[in-house]
Structure formats: structure tokens, C-alpha cells
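J.: Next comes the structure file entry.csv, holding CSV, C-alpha atoms.
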chain,number,residue,atom,x,y,z
Q,1,MET,CA,15.8,-61.7,29.1
Q,2,LYS,CA,12.3,-61.1,27.6
Q,3,LYS,CA,11.3,-59.0,30.6
Q,4,ILE,CA,14.4,-56.8,30.2
Q,5,LEU,CA,13.7,-56.4,26.4
Q,6,PHE,CA,10.1,-55.3,27.0
Q,7,THR,CA,11.2,-52.9,29.7
Q,8,VAL,CA,13.7,-51.3,27.3
Q,9,ILE,CA,11.1,-51.0,24.5
Q,10,GLY,CA,8.6,-49.5,26.9
Q,11,LEU,CA,11.1,-46.9,28.1
Q,12,ALA,CA,11.9,-46.0,24.4
Q,13,LEU,CA,8.2,-45.5,23.6
Q,14,LEU,CA,7.7,-43.4,26.7
Q,15,THR,CA,10.7,-41.2,25.8
Q,16,VAL,CA,9.3,-40.6,22.3
Q,17,GLY,CA,5.8,-39.9,23.6
Q,18,CYS,CA,7.2,-37.4,26.1
Q,19,GLY,CA,9.1,-35.4,23.4
Q,20,ALA,CA,8.3,-31.8,22.7
Q,21,PRO,CA,5.2,-31.5,20.6
Q,22,ALA,CA,5.5,-29.9,17.1
Q,23,SER,CA,4.8,-26.2,17.2
Q,24,VAL,CA,1.6,-25.1,15.6
Q,25,SER,CA,1.4,-21.7,13.9
Q,26,ARG,CA,-0.8,-18.8,14.7
Q,27,THR,CA,-2.2,-17.1,11.6
Q,28,VAL,CA,-3.6,-13.6,11.6
Q,29,LYS,CA,-5.9,-12.3,8.8
Q,30,PHE,CA,-7.4,-8.9,8.0
Q,31,SER,CA,-10.1,-8.2,5.5
Q,32,GLN,CA,-9.4,-6.2,2.4
Q,33,LYS,CA,-10.7,-2.6,2.5
Q,34,ASN,CA,-12.7,-1.4,-0.5
Q,35,ASP,CA,-11.2,1.1,-2.8
Q,36,GLU,CA,-13.0,4.4,-3.6
Q,37,ILE,CA,-13.3,5.1,-7.3
Q,38,THR,CA,-14.9,8.1,-9.1
Q,39,THR,CA,-14.4,8.7,-12.8
Q,40,THR,CA,-16.4,11.2,-14.9
Q,41,PRO,CA,-17.8,10.2,-18.2
Q,42,SER,CA,-15.9,13.0,-19.8
Q,43,LEU,CA,-12.6,11.6,-18.7
Q,44,LYS,CA,-13.4,8.1,-20.1
Q,45,GLU,CA,-14.6,9.7,-23.4
Q,46,TYR,CA,-11.4,11.8,-23.6
Q,47,LEU,CA,-9.1,8.8,-23.0
Q,48,ALA,CA,-11.1,6.7,-25.5
Q,49,GLN,CA,-10.3,9.4,-28.1
Q,50,ASN,CA,-6.8,10.1,-26.8
Q,51,PRO,CA,-5.3,6.8,-25.6
Q,52,ASN,CA,-1.8,8.3,-25.1
Q,53,PRO,CA,-2.3,11.6,-23.3
Q,54,LYS,CA,0.4,13.9,-22.1
Q,55,ILE,CA,0.3,13.9,-18.3
Q,56,VAL,CA,2.2,15.2,-15.3
Q,57,LEU,CA,2.3,13.8,-11.8
Q,58,ARG,CA,1.9,16.5,-9.2
Q,59,THR,CA,3.1,15.6,-5.8
Q,60,THR,CA,1.3,17.8,-3.3
Q,61,ALA,CA,0.8,14.9,-0.9
Q,62,ARG,CA,2.4,14.8,2.5
Q,63,VAL,CA,3.7,11.2,3.0
Q,64,ASN,CA,2.6,10.3,6.5
Q,65,SER,CA,5.3,8.3,8.3
Q,66,ASP,CA,7.3,9.0,11.4
Q,67,ASN,CA,10.5,7.3,10.5
Q,68,VAL,CA,11.1,8.5,6.9
Q,69,THR,CA,12.6,11.9,6.0
Q,70,GLU,CA,10.8,14.1,3.5
Q,71,ASN,CA,13.3,13.5,0.7
Q,72,GLU,CA,13.2,9.7,1.2
Q,73,GLN,CA,9.4,9.9,1.3
Q,74,ASN,CA,9.2,11.4,-2.2
Q,75,ASN,CA,11.5,10.3,-4.9
Q,76,TYR,CA,11.5,6.5,-4.9
Q,77,LEU,CA,7.7,6.5,-4.8
Q,78,TYR,CA,7.2,9.2,-7.4
Q,79,ASN,CA,9.6,7.5,-9.8
Q,80,ALA,CA,7.8,4.2,-9.4
Q,81,ILE,CA,4.4,5.8,-10.1
Q,82,GLU,CA,5.8,7.6,-13.2
Q,83,SER,CA,7.3,4.4,-14.5
Q,84,GLU,CA,4.0,2.6,-14.4
Q,85,LEU,CA,2.3,5.6,-16.2
Q,86,LEU,CA,4.9,5.3,-18.9
Q,87,LYS,CA,4.3,1.6,-19.2
Q,88,SER,CA,0.6,2.3,-19.7
Q,89,GLY,CA,1.3,4.5,-22.7
Q,90,PHE,CA,1.1,7.9,-21.2
Q,91,VAL,CA,3.5,10.6,-22.1
Q,92,VAL,CA,4.9,11.8,-18.8
Q,93,ARG,CA,6.0,15.4,-18.4
Q,94,ASP,CA,8.8,16.5,-16.0
Q,95,ARG,CA,7.0,17.5,-12.8
Q,96,GLN,CA,9.7,19.9,-11.6
Q,97,LEU,CA,9.5,21.9,-14.9
Q,98,PHE,CA,5.7,21.8,-14.7
Q,99,ASP,CA,5.8,23.2,-11.2
Q,100,LYS,CA,7.9,26.1,-12.4
Q,101,ILE,CA,5.4,26.9,-15.1
Q,102,VAL,CA,2.5,26.7,-12.6
Q,103,THR,CA,4.2,29.2,-10.3
Q,104,ASN,CA,3.8,31.9,-12.9
Q,105,THR,CA,0.6,33.7,-11.9
Q,106,ASP,CA,-0.7,34.1,-15.4
Q,107,ASN,CA,-0.5,30.4,-16.0
Q,108,ASN,CA,-1.9,29.5,-12.6
Q,109,ASN,CA,-5.0,31.6,-13.3
Q,110,ASN,CA,-5.4,30.6,-16.9
Q,111,TYR,CA,-5.6,26.9,-17.8
Q,112,GLY,CA,-5.4,27.8,-21.5
Q,113,ASN,CA,-2.0,29.3,-20.9
Q,114,LEU,CA,-1.0,26.4,-18.7
Q,115,LYS,CA,-1.9,23.8,-21.3
Q,116,GLU,CA,-0.1,25.6,-24.1
Q,117,LYS,CA,3.1,26.3,-22.2
Q,118,SER,CA,3.3,22.9,-20.5
Q,119,ASP,CA,2.0,20.9,-23.4
Q,120,THR,CA,0.1,18.7,-21.0
Q,121,ASP,CA,-3.4,17.3,-21.1
Q,122,LEU,CA,-4.0,15.8,-17.7
Q,123,ILE,CA,-2.7,16.4,-14.2
Q,124,ILE,CA,-2.6,13.3,-12.0
Q,125,GLU,CA,-2.2,14.7,-8.5
Q,126,LEU,CA,-1.0,12.6,-5.6
Q,127,THR,CA,-3.1,14.1,-2.8
Q,128,ASN,CA,-2.4,11.7,0.1
Q,129,LEU,CA,-0.1,8.8,1.0
Q,130,ASP,CA,-0.3,7.3,4.4
Q,131,ARG,CA,1.9,4.3,5.1
Q,132,SER,CA,1.1,4.1,8.8
Q,133,ILE,CA,-2.5,2.8,8.9
Q,134,LYS,CA,-2.8,0.7,12.1
Q,135,HIS,CA,-4.4,-2.7,12.2
Q,136,GLN,CA,-4.9,-4.7,15.4
Q,137,THR,CA,-6.7,-7.9,16.4
Q,138,ASN,CA,-6.9,-10.3,19.2
Q,139,LYS,CA,-8.1,-13.1,16.9
Q,140,TYR,CA,-6.0,-15.7,15.1
Q,141,TYR,CA,-6.5,-19.1,13.4
Q,142,ASP,CA,-4.7,-22.3,14.4
Q,143,SER,CA,-3.4,-24.9,12.0
Q,144,LYS,CA,-6.9,-26.5,11.8
Q,145,GLY,CA,-8.5,-23.2,10.9
Q,146,ARG,CA,-10.2,-22.7,14.3
Q,147,GLU,CA,-10.6,-19.1,15.4
Q,148,LYS,CA,-9.1,-18.3,18.8
Q,149,THR,CA,-8.3,-15.2,20.8
Q,150,SER,CA,-5.1,-13.9,22.5
Q,151,THR,CA,-5.0,-10.9,24.8
Q,152,VAL,CA,-1.2,-10.6,24.2
Q,153,LEU,CA,-1.6,-10.7,20.5
Q,154,ALA,CA,-4.0,-7.7,20.7
Q,155,ASN,CA,-1.0,-5.5,21.6
Q,156,LYS,CA,0.8,-6.2,18.3
Q,157,LEU,CA,0.4,-3.6,15.5
Q,158,PHE,CA,0.3,-4.4,11.8
Q,159,TYR,CA,0.6,-1.6,9.3
Q,160,GLY,CA,-1.2,-0.9,6.1
Q,161,ALA,CA,-1.2,2.0,3.7
Q,162,THR,CA,-3.5,4.2,1.6
Q,163,ILE,CA,-2.8,6.3,-1.5
Q,164,GLU,CA,-5.1,8.9,-3.1
Q,165,PHE,CA,-5.1,10.5,-6.6
Q,166,LYS,CA,-7.0,13.3,-8.2
Q,167,VAL,CA,-7.2,13.8,-12.0
Q,168,ILE,CA,-7.7,17.2,-13.6
Q,169,MET,CA,-8.4,17.8,-17.3
Q,170,ILE,CA,-6.4,21.0,-18.0
Q,171,ASN,CA,-8.3,22.0,-21.1
Q,172,THR,CA,-11.6,22.3,-19.3
Q,173,ASN,CA,-10.3,22.8,-15.7
Q,174,GLU,CA,-12.4,19.8,-14.6
Q,175,PHE,CA,-12.0,17.5,-11.7
Q,176,ALA,CA,-12.4,14.3,-13.7
Q,177,GLY,CA,-11.6,11.6,-11.2
Q,178,ILE,CA,-10.9,10.9,-7.5
Q,179,TYR,CA,-9.3,7.6,-6.5
Q,180,LYS,CA,-8.3,6.0,-3.2
Q,181,PHE,CA,-6.5,2.7,-3.0
Q,182,ASN,CA,-5.8,0.7,0.2
Q,183,TYR,CA,-3.1,-1.8,1.2
Q,184,VAL,CA,-4.2,-4.0,4.1
Q,185,PRO,CA,-1.6,-6.4,5.6
Q,186,CYS,CA,-2.1,-10.1,6.1
Q,187,VAL,CA,-5.1,-10.5,3.8
Q,188,SER,CA,-3.8,-13.9,2.9
Q,189,GLY,CA,-2.6,-14.6,6.5
Q,190,CYS,CA,0.5,-13.9,8.5
Q,191,ASP,CA,2.2,-16.4,10.7
Q,192,VAL,CA,2.8,-14.7,14.1
Q,193,GLY,CA,4.4,-17.5,16.1
Q,194,PRO,CA,3.8,-20.8,17.9
Q,195,ASN,CA,0.4,-21.8,19.1
Q,196,LYS,CA,0.9,-21.0,22.8
Q,197,ARG,CA,0.6,-18.0,25.0
Q,198,MET,CA,3.3,-15.6,24.1
Q,199,THR,CA,5.3,-13.9,26.8
Q,200,ARG,CA,6.2,-10.2,26.6
Q,201,ARG,CA,9.7,-11.2,25.5
Q,202,GLU,CA,8.3,-13.3,22.6
Q,203,LEU,CA,6.0,-10.5,21.6
Q,204,ASP,CA,8.8,-8.0,21.5
Q,205,GLU,CA,10.7,-10.4,19.2
Q,206,LEU,CA,7.8,-10.0,16.8
Q,207,LYS,CA,9.0,-6.5,16.0
Q,208,SER,CA,6.4,-4.4,14.5
Q,209,PHE,CA,7.3,-1.9,11.8
Q,210,GLU,CA,6.3,1.7,12.5
Q,211,ALA,CA,5.1,1.8,8.9
Q,212,VAL,CA,4.9,-0.3,5.8
Q,213,GLU,CA,8.5,-1.1,4.7
Q,214,GLU,CA,9.9,0.5,1.6
Q,215,ASN,CA,9.8,-2.4,-0.8
Q,216,ARG,CA,6.3,-3.3,0.0
Q,217,LEU,CA,5.2,0.3,-0.2
Q,218,ILE,CA,6.8,0.7,-3.7
Q,219,GLU,CA,5.0,-2.5,-4.9
Q,220,PHE,CA,1.7,-1.1,-3.5
Q,221,ALA,CA,2.2,2.2,-5.3
Q,222,LYS,CA,2.9,0.4,-8.6
Q,223,ASN,CA,-0.2,-1.7,-8.3
Q,224,ALA,CA,-2.3,1.3,-7.3
Q,225,THR,CA,-1.1,3.2,-10.4
Q,226,LYS,CA,-2.0,0.2,-12.6
Q,227,GLN,CA,-5.5,0.2,-11.0
Q,228,LEU,CA,-5.7,4.0,-11.5
Q,229,VAL,CA,-5.0,3.7,-15.2
Q,230,THR,CA,-7.5,0.9,-15.6
Q,231,GLU,CA,-10.3,2.8,-13.8
Q,232,MET,CA,-9.6,6.0,-15.8
Q,233,ARG,CA,-9.9,4.1,-19.1
Q,234,ASN,CA,-12.8,1.7,-18.3
Just dump the structure as C-alpha cells.

T.:
Amino acid sequence: MKKILFTVIGLALLTVGCGAPASVSRTVKFSQKNDEITTTPSLKEYLAQNPNPKIVLRTTARVNSDNVTENEQNNYLYNAIESELLKSGFVVRDRQLFDKIVTNTDNNNNYGNLKEKSDTDLIIELTNLDRSIKHQTNKYYDSKGREKTSTVLANKLFYGATIEFKVIMINTNEFAGIYKFNYVPCVSGCDVGPNKRMTRRELDELKSFEAVEENRLIEFAKNATKQLVTEMRN
């Protein structure tokens, strides 16, 4: 009887020991890219004396993305940016009306006329927005923080974004600031699957976006606008 009991216990332990091991995650990380900030002393001085200037957002940028139509590229982002400018205490002018005023040759060549007829102090021009900045790596970290490599992982694309603004003081026709902000994916780490060699089928299941998805792009645009205001004023 004892022999049979020990045999049963041994088989049970063997069965548990041969069970599938718990999956261990792979974590991919990218380093944050530095922003590029240039603010003239005259702009800082102007905003110190005029904390609630009248501004207009000009949208001359081409939004770089293969899977978004031009109309979709524009409005939801521009509205998000203008909303943050309003929250920061700026008086935001209608950009379509401003563009109509600018198309008048006299106004276009005379910034005095432009300021008077548009009742605007500053132009914040969105000069570039690229939501398809590619990031690739063959390195990942296991659950113990050890750096490893994967040739299959190197084929996966992660997408970041960049947004650029230019600030013009209408009264003096001065380029008063240039700002470039970057969104880098997976700065805090992205889990990309179990800690084993991924097959082509598994890699395909980790579907890569062709660009930063809309919600994340809007959040990036909002945060970039907050940074813009802070850099302009400080």
C-alpha cells in the first residue's frame, strides 16, 4: 500500500513539474528624443507685459501620414491645439477668417494693416506634423531586466511623431520662436509578447500601426501645446 501511495505522489509531482512554464514578457524601450526650443527675449518680454495676447493658429503644415485623408488630418488636431491655447489664457482668433484677411495683398505686404484688420498680436504657425516617425530595435528586456536580442523583433515597426511651431510677432514682423516637440513610443516600455522566439505568424499578430493612432496623437498635440506656452512665457 505504501509503495502504491508513493508512486501516485511521485507521478503527481512529475505532472506538475512538466506543466507549461509561465510566460515571460518581452519589453521594448526607446529613449526620449530631445525637443528643440528657441524663444527670443523680445517674445518673453512681450508676454510678460501682455499675458493674454490675441493669437491665431495658422495651419500651413502638411500632416504626414499615409492612411489619413487631408480633412481628417486637420480639424481634430487643430481644435485640440486651439483648446489648449484657450485654457492657457490666450485669446484665439478664427483661423479661417484670418486666412481671408491675409489673402488681401495689401494686408499680406503690410503687417500694420494685418494687425489692425485682424486684431491679432501673435501668429502661432503649425509648420510640420509627422505622425509616421519609424522606430526599430532588435533589443528587448526580459522580466529580470536583462537585455537580449531578437532578429525577428527587428522587423517590427513602432511609430512616433513630431510637431513643429513657429511664432511671429505681427507688430514687428519678427520670427520670435521656433519649437519642435517629439513623441517617442515605448519610453516606459512596451510588452511585445512571450519570452520565446516569435514565429512569422506571431509577429504578424503584433500588428504595427502605419502611424500613431488618433487618440494618442491628439494627446501628444495637447501636451506639445502646453509645452509651447510654457517655453514662450519662461

J.: Measuring atom to atom with all atoms listed in the file, identify which of Q:Lys100, Q:Lys87, Q:Lys134, Q:Lys226 is nearest to Ala211 of chain Q.

T.: Q:Lys134

J.: Select, from Q:Gly177, Q:Gly160, Q:Gly189, Q:Pro41, the residue with the minimum atom-to-atom distance to Lys139 of chain Q, counting only C-alpha atoms.

T.: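 Nearest candidate to Lys139 of chain Q out of Q:Gly177, Q:Gly160, Q:Gly189, Q:Pro41: Q:Gly189.
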
J.: With all atoms listed in the file counted and 9 Å as the cut-off, give the residues of segment 141-194 of chain Q in contact with segment 30-40 of chain Q, each with its shortest interatomic distance in Å and the pair that gives it, as a tab-separated table.

T.:
residue	atom	partner	partner_atom	distance
Q:Val167	CA	Q:Thr39	CA	8.9
Q:Phe175	CA	Q:Thr40	CA	8.3
Q:Ala176	CA	Q:Thr40	CA	5.2
Q:Gly177	CA	Q:Thr39	CA	4.3
Q:Ile178	CA	Q:Thr38	CA	5.1
Q:Tyr179	CA	Q:Ile37	CA	4.8
Q:Lys180	CA	Q:Glu36	CA	5.0
Q:Phe181	CA	Q:Asp35	CA	5.0
Q:Asn182	CA	Q:Asp35	CA	6.2
Q:Tyr183	CA	Q:Lys33	CA	7.8
Q:Val184	CA	Q:Gln32	CA	5.9
Q:Pro185	CA	Q:Phe30	CA	6.8
Q:Cys186	CA	Q:Phe30	CA	5.8
Q:Val187	CA	Q:Phe30	CA	5.0
Q:Ser188	CA	Q:Phe30	CA	8.0
Q:Gly189	CA	Q:Phe30	CA	7.6

J.: For atom CA of Tyr141 of chain Q and atom CA of Phe158 of chain Q, determine how far apart the two atoms are, in Å to one decimal place.

T.: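 These two atoms are separated by 16.3 Å.
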
J.: One number please: atom CA of Thr225 of chain Q to atom CA of Ile81 of chain Q, in Å, one decimal.

T.: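 So the two atoms, atom CA of Thr225 of chain Q and atom CA of Ile81 of chain Q, lie 6.1 Å apart.
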
J.: Determine, counting all atoms listed in the file, which protein, DNA and RNA residues have an atom within 9 Å of an atom of Asp119 of chain Q; residues of the same chain fewer than 2 positions away are not included. Present the result as a ChimeraX atom specification.

T.: /Q:54-55,93,114-117,121
